[in-house]
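Colleague: So that you have it, the file is final-v4.csv, and it contains CSV, C-alpha atoms:
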chain,number,residue,atom,x,y,z
A,1,MET,CA,-29.4,53.3,-18.6
A,2,THR,CA,-29.3,53.5,-14.8
A,3,TYR,CA,-30.2,55.9,-12.1
A,4,ARG,CA,-28.4,59.2,-11.7
A,5,ALA,CA,-27.7,61.4,-8.8
A,6,GLY,CA,-30.7,63.7,-8.5
A,7,ASP,CA,-33.4,61.2,-9.7
A,8,PHE,CA,-36.5,60.6,-7.7
A,9,VAL,CA,-37.4,56.9,-8.1
A,10,ASP,CA,-39.8,54.2,-6.7
A,11,CYS,CA,-38.0,52.4,-3.9
A,12,ALA,CA,-39.0,49.7,-1.4
A,13,PHE,CA,-37.6,51.8,1.4
A,14,PRO,CA,-37.6,49.7,4.6
A,15,PHE,CA,-39.7,50.4,7.6
A,16,ARG,CA,-37.9,51.6,10.7
A,17,GLU,CA,-38.9,48.5,12.5
A,18,GLN,CA,-37.5,46.2,9.8
A,19,PRO,CA,-34.5,48.0,8.4
A,20,ASP,CA,-33.2,45.0,6.5
A,21,ARG,CA,-36.3,44.2,4.6
A,22,PRO,CA,-37.4,45.9,1.3
A,23,GLN,CA,-41.0,47.0,1.5
A,24,ALA,CA,-42.1,46.2,-2.0
A,25,GLN,CA,-45.8,46.5,-1.1
A,26,HIS,CA,-45.3,50.0,0.2
A,27,LEU,CA,-43.2,51.8,-2.4
A,28,HIS,CA,-41.9,55.2,-1.5
A,29,ILE,CA,-40.3,57.7,-3.8
A,30,ALA,CA,-36.6,57.9,-2.9
A,31,TYR,CA,-34.1,60.6,-3.9
A,32,ILE,CA,-30.9,59.3,-5.4
A,33,VAL,CA,-27.9,61.0,-3.8
A,34,ARG,CA,-25.3,58.8,-5.5
A,35,VAL,CA,-24.8,55.8,-7.7
A,36,ALA,CA,-21.5,53.8,-7.0
A,37,ARG,CA,-20.1,50.8,-8.8
A,38,ARG,CA,-18.1,47.8,-7.8
A,39,PRO,CA,-17.1,44.9,-10.1
A,40,ASP,CA,-20.0,42.9,-8.7
A,41,GLY,CA,-22.6,45.6,-9.5
A,42,ALA,CA,-24.0,49.0,-8.8
A,43,TYR,CA,-25.1,50.5,-5.4
A,44,VAL,CA,-27.3,53.4,-4.7
A,45,ALA,CA,-27.3,55.9,-1.8
A,46,ALA,CA,-30.9,57.1,-1.5
A,47,LEU,CA,-32.8,59.5,0.8
A,48,TYR,CA,-36.3,58.9,2.2
A,49,THR,CA,-39.1,61.2,1.1
A,50,THR,CA,-42.6,61.5,2.3
A,51,THR,CA,-45.8,63.3,1.3
A,52,ALA,CA,-47.3,62.6,4.7
A,53,ARG,CA,-45.9,65.5,6.7
A,54,LEU,CA,-48.6,68.1,7.4
A,55,PRO,CA,-47.7,71.8,6.6
A,56,SER,CA,-48.6,72.6,10.2
A,57,GLN,CA,-46.0,70.2,11.6
A,58,PRO,CA,-42.7,71.9,12.4
A,59,ARG,CA,-39.8,71.1,10.1
A,60,ARG,CA,-37.0,69.1,11.7
A,61,LYS,CA,-33.3,69.4,11.1
A,62,GLY,CA,-32.3,67.6,7.9
A,63,GLU,CA,-35.8,68.0,6.3
A,64,ILE,CA,-36.3,69.8,3.0
A,65,ASP,CA,-39.8,70.8,2.0
A,66,ILE,CA,-40.8,70.8,-1.6
A,67,ASP,CA,-44.0,72.6,-2.4
A,68,GLU,CA,-46.5,71.3,-4.9
A,69,ARG,CA,-45.4,73.8,-7.6
A,70,ALA,CA,-41.8,72.8,-7.3
A,71,SER,CA,-42.8,69.2,-7.2
A,72,ARG,CA,-44.6,69.5,-10.5
A,73,THR,CA,-41.6,71.2,-12.2
A,74,MET,CA,-39.6,68.1,-11.2
A,75,GLY,CA,-42.1,65.7,-12.7
A,76,MET,CA,-44.2,64.8,-9.6
A,77,GLN,CA,-47.6,65.7,-8.4
A,78,ARG,CA,-47.7,66.6,-4.7
A,79,ALA,CA,-45.8,68.5,-2.1
A,80,PHE,CA,-43.3,66.3,-0.3
A,81,THR,CA,-40.4,66.4,2.2
A,82,ILE,CA,-36.9,65.0,1.6
A,83,ASP,CA,-35.3,63.7,4.8
A,84,ALA,CA,-31.5,64.2,4.4
A,85,PHE,CA,-30.9,62.4,7.7
A,86,ARG,CA,-32.4,59.1,6.6
A,87,LEU,CA,-30.2,57.5,4.1
A,88,LEU,CA,-30.2,54.0,2.6
A,89,ILE,CA,-27.3,52.3,0.7
A,90,VAL,CA,-28.5,49.3,-1.3
A,91,PRO,CA,-27.7,47.3,-4.4
A,92,LEU,CA,-29.3,48.7,-7.6
A,93,ASP,CA,-31.6,45.7,-8.1
A,94,GLU,CA,-35.3,44.9,-8.3
A,95,ALA,CA,-35.6,43.9,-4.7
A,96,TRP,CA,-35.1,47.5,-3.7
A,97,PHE,CA,-36.3,49.2,-6.9
A,98,PRO,CA,-39.2,46.9,-8.1
A,99,ASN,CA,-39.9,49.0,-11.2
A,100,LEU,CA,-36.4,48.9,-12.5
A,101,SER,CA,-37.3,46.8,-15.5
A,102,THR,CA,-40.3,48.8,-16.5
A,103,PRO,CA,-40.0,51.3,-19.4
A,104,SER,CA,-39.7,54.2,-17.0
A,105,GLN,CA,-37.5,52.2,-14.6
A,106,GLY,CA,-39.6,53.7,-11.8
A,107,VAL,CA,-38.0,57.2,-12.3
A,108,ARG,CA,-40.7,59.7,-11.2
A,109,GLY,CA,-38.7,63.0,-11.6
A,110,ARG,CA,-35.5,64.7,-11.4
A,111,ALA,CA,-34.1,67.5,-9.1
A,112,PRO,CA,-32.7,70.6,-10.8
A,113,ASP,CA,-28.9,71.1,-10.3
A,114,PRO,CA,-29.2,73.7,-7.6
A,115,LEU,CA,-31.4,71.4,-5.5
A,116,ARG,CA,-29.1,68.5,-6.1
A,117,ARG,CA,-26.1,70.5,-4.9
A,118,HIS,CA,-28.1,71.8,-1.9
A,119,ILE,CA,-28.9,68.3,-0.8
A,120,ALA,CA,-25.3,67.2,-1.4
A,121,ARG,CA,-24.2,70.0,0.9
A,122,LEU,CA,-26.7,69.0,3.5
A,123,VAL,CA,-25.5,65.4,3.5
A,124,ASP,CA,-21.9,66.5,3.7
A,125,ARG,CA,-22.7,68.6,6.7
A,126,ALA,CA,-24.6,65.8,8.3
A,127,VAL,CA,-21.6,63.5,7.8
A,128,THR,CA,-19.3,66.2,9.4
A,129,GLU,CA,-21.6,66.4,12.4
A,130,ARG,CA,-21.2,62.7,13.0
A,131,GLU,CA,-17.4,62.7,12.7
A,132,PRO,CA,-16.5,63.5,16.3
A,133,LEU,CA,-18.4,60.4,17.4
A,134,LEU,CA,-16.6,58.3,14.8
A,135,ASP,CA,-13.3,59.5,16.3
A,136,ILE,CA,-14.5,58.4,19.8
A,137,TYR,CA,-15.5,55.0,18.5
A,138,PRO,CA,-12.7,54.0,15.9
A,139,ARG,CA,-14.1,52.3,12.9
A,140,ARG,CA,-11.7,49.4,13.0
A,141,PRO,CA,-10.2,47.7,16.1
A,142,PRO,CA,-6.5,48.5,16.6
A,143,PRO,CA,-4.1,45.9,15.4
A,144,ARG,CA,-3.0,43.3,18.0
B,145,MET,CA,-23.5,72.3,13.9
B,146,LYS,CA,-23.5,76.0,15.1
B,147,THR,CA,-22.6,78.7,12.6
B,148,PRO,CA,-21.6,82.1,13.9
B,149,ILE,CA,-23.4,85.1,12.3
B,150,SER,CA,-23.1,88.8,12.7
B,151,MET,CA,-26.1,91.1,12.4
B,152,ARG,CA,-27.4,94.6,13.2
B,153,ILE,CA,-30.2,94.8,15.7
B,154,ASP,CA,-32.1,97.6,17.3
B,155,GLU,CA,-30.3,98.7,20.5
B,156,ASP,CA,-33.4,98.8,22.7
B,157,LEU,CA,-34.6,95.4,21.4
B,158,LEU,CA,-31.2,94.0,22.1
B,159,GLU,CA,-31.3,95.4,25.7
B,160,ALA,CA,-34.7,93.9,26.2
B,161,ALA,CA,-33.6,90.5,24.8
B,162,ARG,CA,-30.6,90.4,27.0
B,163,ALA,CA,-32.8,91.1,30.1
B,164,THR,CA,-35.2,88.4,29.0
B,165,ALA,CA,-32.4,85.9,28.4
B,166,ALA,CA,-30.9,86.7,31.8
B,167,SER,CA,-34.2,86.3,33.6
B,168,GLU,CA,-34.6,82.9,31.9
B,169,HIS,CA,-31.0,81.8,32.8
B,170,ARG,CA,-30.1,81.3,29.1
B,171,SER,CA,-27.8,82.9,26.7
B,172,LEU,CA,-28.9,85.6,24.3
B,173,ALA,CA,-27.9,83.3,21.4
B,174,ASN,CA,-30.2,80.5,22.7
B,175,LEU,CA,-33.1,83.0,23.2
B,176,ILE,CA,-32.8,84.2,19.6
B,177,GLU,CA,-32.4,80.7,18.2
B,178,VAL,CA,-35.5,79.4,20.0
B,179,ALA,CA,-37.5,82.4,19.0
B,180,LEU,CA,-36.5,82.1,15.4
B,181,ALA,CA,-37.3,78.4,15.3
B,182,GLN,CA,-40.8,79.1,16.7
B,183,ARG,CA,-41.3,81.8,14.2
B,184,ILE,CA,-40.5,79.7,11.1
B,185,GLY,CA,-42.0,76.4,12.4
B,186,TYR,CA,-38.7,74.6,12.9
B,187,ARG,CA,-38.2,71.9,15.5
B,188,LEU,CA,-34.9,72.2,17.3
B,189,GLU,CA,-33.7,68.8,18.3
B,190,ASP,CA,-30.5,66.7,18.5
B,191,ARG,CA,-31.2,64.8,15.3
B,192,ARG,CA,-28.4,63.1,13.5
B,193,LEU,CA,-27.8,61.3,10.2
B,194,ARG,CA,-28.8,57.7,10.1
B,195,VAL,CA,-27.3,55.4,7.4
B,196,LEU,CA,-28.8,52.0,6.7
B,197,VAL,CA,-26.9,49.5,4.7
B,198,PRO,CA,-29.1,46.4,4.9
B,199,GLY,CA,-26.6,44.1,3.0
B,200,GLY,CA,-23.8,45.1,5.3
B,201,VAL,CA,-21.1,47.7,4.8
B,202,ALA,CA,-18.4,45.1,3.6
B,203,ALA,CA,-20.5,44.4,0.5
B,204,VAL,CA,-20.3,48.0,-0.6
B,205,ARG,CA,-16.8,48.9,0.5
B,206,GLY,CA,-14.5,49.9,-2.4
B,207,ALA,CA,-17.4,51.1,-4.6
B,208,LYS,CA,-16.5,54.0,-6.8
B,209,ILE,CA,-19.0,56.7,-7.3
B,210,VAL,CA,-20.4,57.5,-10.7
B,211,PRO,CA,-19.7,61.2,-11.5
B,212,VAL,CA,-22.5,63.5,-12.3
B,213,GLU,CA,-22.3,65.2,-15.7
B,214,GLY,CA,-20.3,68.5,-15.4
B,215,GLU,CA,-18.7,67.6,-12.1
B,216,THR,CA,-15.0,68.6,-11.6
B,217,GLU,CA,-12.4,66.2,-10.4
B,218,ASP,CA,-12.4,67.9,-7.0
B,219,GLU,CA,-16.2,67.6,-6.7
B,220,VAL,CA,-15.9,63.9,-7.6
B,221,ALA,CA,-13.2,63.4,-5.0
B,222,ARG,CA,-15.2,65.1,-2.3
B,223,ALA,CA,-18.3,63.1,-3.2
B,224,GLN,CA,-16.2,59.9,-3.0
B,225,ALA,CA,-15.0,60.9,0.4
B,226,THR,CA,-18.5,61.6,1.6
B,227,PHE,CA,-19.7,58.2,0.2
B,228,ASP,CA,-16.9,56.4,2.1
B,229,ARG,CA,-17.7,58.4,5.3
B,230,LEU,CA,-21.4,57.3,5.0
B,231,LEU,CA,-20.1,53.7,5.0
B,232,ASP,CA,-17.9,54.5,8.1
B,233,ILE,CA,-21.0,55.9,9.9
B,234,ALA,CA,-23.1,52.8,9.0
B,235,GLU,CA,-20.2,50.6,10.2
B,236,HIS,CA,-19.9,52.5,13.4
B,237,ASP,CA,-23.6,52.2,14.1
B,238,GLU,CA,-23.4,48.4,13.4
B,239,ARG,CA,-20.5,48.1,15.9
B,240,THR,CA,-21.8,50.4,18.6
B,241,PRO,CA,-25.6,50.3,18.4
B,242,ASP,CA,-25.9,51.8,21.9
B,243,ALA,CA,-24.1,55.0,20.8
B,244,SER,CA,-26.0,55.3,17.5
B,245,PRO,CA,-29.0,57.5,16.7
B,246,LYS,CA,-32.2,55.6,17.7
B,247,PRO,CA,-34.9,55.0,15.1
B,248,GLU,CA,-37.4,57.8,15.4
B,249,ALA,CA,-41.1,57.3,16.1
For this file, produce the structure as structure tokens.
Modeller:
Amino acid sequence: MTYRAGDFVDCAFPFREQPDRPQAQHLHIAYIVRVARRPDGAYVAALYTTTARLPSQPRRKGEIDIDERASRTMGMQRAFTIDAFRLLIVPLDEAWFPNLSTPSQGVRGRAPDPLRRHIARLVDRAVTEREPLLDIYPRRPPPR
Amino acid sequence: MKTPISMRIDEDLLEAARATAASEHRSLANLIEVALAQRIGYRLEDRRLRVLVPGGVAAVRGAKIVPVEGETEDEVARAQATFDRLLDIAEHDERTPDASPKPEA
């Protein structure tokens, strides 16, 4: 068994100040956008989530609020926010998912299909918005 | 990304909104957008997708996405294209840090 797109899992999501370092002491629940495989192993694209945003704070572009009722139907306890603009791609291993070898594998819940599709569309749109910039700065240097 | 919409609106309200927009040297669309954002508690800002690949993009290149149950071939192809584009974005940000979205406070 492995993670599936739509799962909410325990993740050592890095701090902004230390983006290369898993924060195993401060586990966050991450939303799994996609699992991908290479011959050398599996990789996961995951979104940051937080329960720390106050209802009085204005929502920002890319944020999806999940209220407590919806959260409970998905297997979790508290209202939270998914940030579709903060995405992490990492190996599917215990460094990034410390509860991977526990019976639950650190899976906290699962998004229903309509939410999974909504998030996928939001990520698609966010990618499209970045594309003009990618065209200005080509991804690979031209051949010499 | 801006999406055009069409809507019906009270004629007098529209007149008043146009006058307000003109007096504030802004477009009617901007006036409506800002008022709507305030009403629903939405923060308008130039925020962009940020993709972190701590192990480096090269380590992930070529990965094939795992389809979700019930997905059509077209949906899988689109998802693969999005995944590859996410890696392009991360690679771009690695190469040109000055042009990339800054970490937010």
Colleague: What is the distance, in Å and to one decimal place, between CA of Ala163 (chain B) and CA of Glu189 (chain B)?
Modeller: 25.2 Å
Colleague: Tell me the residues of chain B close to chain A, meaning within 10 Å using all atoms listed in the file, as a PyMOL selection string.
Modeller: chain B and resi 145+181-182+184-201+203-213+222-227+229-237+239-240+243-244+246-249
Colleague: May I have the selected residues written with C-alpha atoms, as a PDB file, in the coordinates of the input?
Modeller:
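Done, and the output landed in part-v7.pdb:
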ATOM      1  CA  MET B 145     -23.500  72.300  13.900  1.00  0.00           C
ATOM      2  CA  ALA B 181     -37.300  78.400  15.300  1.00  0.00           C
ATOM      3  CA  GLN B 182     -40.800  79.100  16.700  1.00  0.00           C
ATOM      4  CA  ILE B 184     -40.500  79.700  11.100  1.00  0.00           C
ATOM      5  CA  GLY B 185     -42.000  76.400  12.400  1.00  0.00           C
ATOM      6  CA  TYR B 186     -38.700  74.600  12.900  1.00  0.00           C
ATOM      7  CA  ARG B 187     -38.200  71.900  15.500  1.00  0.00           C
ATOM      8  CA  LEU B 188     -34.900  72.200  17.300  1.00  0.00           C
ATOM      9  CA  GLU B 189     -33.700  68.800  18.300  1.00  0.00           C
ATOM     10  CA  ASP B 190     -30.500  66.700  18.500  1.00  0.00           C
ATOM     11  CA  ARG B 191     -31.200  64.800  15.300  1.00  0.00           C
ATOM     12  CA  ARG B 192     -28.400  63.100  13.500  1.00  0.00           C
ATOM     13  CA  LEU B 193     -27.800  61.300  10.200  1.00  0.00           C
ATOM     14  CA  ARG B 194     -28.800  57.700  10.100  1.00  0.00           C
ATOM     15  CA  VAL B 195     -27.300  55.400   7.400  1.00  0.00           C
ATOM     16  CA  LEU B 196     -28.800  52.000   6.700  1.00  0.00           C
ATOM     17  CA  VAL B 197     -26.900  49.500   4.700  1.00  0.00           C
ATOM     18  CA  PRO B 198     -29.100  46.400   4.900  1.00  0.00           C
ATOM     19  CA  GLY B 199     -26.600  44.100   3.000  1.00  0.00           C
ATOM     20  CA  GLY B 200     -23.800  45.100   5.300  1.00  0.00           C
ATOM     21  CA  VAL B 201     -21.100  47.700   4.800  1.00  0.00           C
ATOM     22  CA  ALA B 203     -20.500  44.400   0.500  1.00  0.00           C
ATOM     23  CA  VAL B 204     -20.300  48.000  -0.600  1.00  0.00           C
ATOM     24  CA  ARG B 205     -16.800  48.900   0.500  1.00  0.00           C
ATOM     25  CA  GLY B 206     -14.500  49.900  -2.400  1.00  0.00           C
ATOM     26  CA  ALA B 207     -17.400  51.100  -4.600  1.00  0.00           C
ATOM     27  CA  LYS B 208     -16.500  54.000  -6.800  1.00  0.00           C
ATOM     28  CA  ILE B 209     -19.000  56.700  -7.300  1.00  0.00           C
ATOM     29  CA  VAL B 210     -20.400  57.500 -10.700  1.00  0.00           C
ATOM     30  CA  PRO B 211     -19.700  61.200 -11.500  1.00  0.00           C
ATOM     31  CA  VAL B 212     -22.500  63.500 -12.300  1.00  0.00           C
ATOM     32  CA  GLU B 213     -22.300  65.200 -15.700  1.00  0.00           C
ATOM     33  CA  ARG B 222     -15.200  65.100  -2.300  1.00  0.00           C
ATOM     34  CA  ALA B 223     -18.300  63.100  -3.200  1.00  0.00           C
ATOM     35  CA  GLN B 224     -16.200  59.900  -3.000  1.00  0.00           C
ATOM     36  CA  ALA B 225     -15.000  60.900   0.400  1.00  0.00           C
ATOM     37  CA  THR B 226     -18.500  61.600   1.600  1.00  0.00           C
ATOM     38  CA  PHE B 227     -19.700  58.200   0.200  1.00  0.00           C
ATOM     39  CA  ARG B 229     -17.700  58.400   5.300  1.00  0.00           C
ATOM     40  CA  LEU B 230     -21.400  57.300   5.000  1.00  0.00           C
ATOM     41  CA  LEU B 231     -20.100  53.700   5.000  1.00  0.00           C
ATOM     42  CA  ASP B 232     -17.900  54.500   8.100  1.00  0.00           C
ATOM     43  CA  ILE B 233     -21.000  55.900   9.900  1.00  0.00           C
ATOM     44  CA  ALA B 234     -23.100  52.800   9.000  1.00  0.00           C
ATOM     45  CA  GLU B 235     -20.200  50.600  10.200  1.00  0.00           C
ATOM     46  CA  HIS B 236     -19.900  52.500  13.400  1.00  0.00           C
ATOM     47  CA  ASP B 237     -23.600  52.200  14.100  1.00  0.00           C
ATOM     48  CA  ARG B 239     -20.500  48.100  15.900  1.00  0.00           C
ATOM     49  CA  THR B 240     -21.800  50.400  18.600  1.00  0.00           C
ATOM     50  CA  ALA B 243     -24.100  55.000  20.800  1.00  0.00           C
ATOM     51  CA  SER B 244     -26.000  55.300  17.500  1.00  0.00           C
ATOM     52  CA  LYS B 246     -32.200  55.600  17.700  1.00  0.00           C
ATOM     53  CA  PRO B 247     -34.900  55.000  15.100  1.00  0.00           C
ATOM     54  CA  GLU B 248     -37.400  57.800  15.400  1.00  0.00           C
ATOM     55  CA  ALA B 249     -41.100  57.300  16.100  1.00  0.00           C
TER      56      ALA B 249
END
Colleague: For a test of reading the model, state the distance in Å between CA of Ala221 (chain B) and CA of Leu122 (chain A), rounded to one decimal.
Modeller: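 If I compute the distance from CA of Ala221 (chain B) to CA of Leu122 (chain A), I get 16.9 Å.
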Colleague: In Å, with one decimal, what is the gap from CA of Cys11 (chain A) to CA of Asp67 (chain A)?
Modeller: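 Interatomic distance here is 21.1 Å.
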Colleague: Any chance you could model N, CA and C atoms for region 90-103 of chain A and send them as a JSON list (two decimals), in the frame of the given file?
Modeller:
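Done, and the output landed in part.json:
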[["chain", "number", "residue", "atom", "x", "y", "z"],
["A", 90, "VAL", "N", -28.04, 50.60, -0.87],
["A", 90, "VAL", "CA", -28.50, 49.30, -1.30],
["A", 90, "VAL", "C", -28.06, 48.94, -2.70],
["A", 91, "PRO", "N", -28.04, 47.65, -3.04],
["A", 91, "PRO", "CA", -27.70, 47.30, -4.40],
["A", 91, "PRO", "C", -28.80, 47.86, -5.36],
["A", 92, "LEU", "N", -28.39, 48.22, -6.55],
["A", 92, "LEU", "CA", -29.30, 48.70, -7.60],
["A", 92, "LEU", "C", -29.95, 47.45, -8.21],
["A", 93, "ASP", "N", -31.00, 46.93, -7.57],
["A", 93, "ASP", "CA", -31.60, 45.70, -8.10],
["A", 93, "ASP", "C", -33.16, 45.81, -7.87],
["A", 94, "GLU", "N", -33.86, 44.80, -8.37],
["A", 94, "GLU", "CA", -35.30, 44.90, -8.30],
["A", 94, "GLU", "C", -35.90, 44.62, -6.93],
["A", 95, "ALA", "N", -35.09, 44.06, -6.05],
["A", 95, "ALA", "CA", -35.60, 43.90, -4.70],
["A", 95, "ALA", "C", -35.85, 45.24, -4.05],
["A", 96, "TRP", "N", -34.95, 46.18, -4.29],
["A", 96, "TRP", "CA", -35.10, 47.50, -3.70],
["A", 96, "TRP", "C", -35.77, 48.51, -4.61],
["A", 97, "PHE", "N", -35.67, 48.25, -5.92],
["A", 97, "PHE", "CA", -36.30, 49.20, -6.90],
["A", 97, "PHE", "C", -37.15, 48.30, -7.84],
["A", 98, "PRO", "N", -38.34, 47.93, -7.38],
["A", 98, "PRO", "CA", -39.20, 46.90, -8.10],
["A", 98, "PRO", "C", -39.55, 47.34, -9.52],
["A", 99, "ASN", "N", -39.52, 48.62, -9.83],
["A", 99, "ASN", "CA", -39.90, 49.00, -11.20],
["A", 99, "ASN", "C", -38.72, 49.25, -12.11],
["A", 100, "LEU", "N", -37.60, 48.71, -11.72],
["A", 100, "LEU", "CA", -36.40, 48.90, -12.50],
["A", 100, "LEU", "C", -36.46, 48.41, -13.92],
["A", 101, "SER", "N", -37.21, 47.32, -14.12],
["A", 101, "SER", "CA", -37.30, 46.80, -15.50],
["A", 101, "SER", "C", -38.47, 47.25, -16.28],
["A", 102, "THR", "N", -39.22, 48.18, -15.73],
["A", 102, "THR", "CA", -40.30, 48.80, -16.50],
["A", 102, "THR", "C", -39.75, 49.83, -17.45],
["A", 103, "PRO", "N", -40.52, 50.27, -18.44],
["A", 103, "PRO", "CA", -40.00, 51.30, -19.40],
["A", 103, "PRO", "C", -39.44, 52.53, -18.68]]
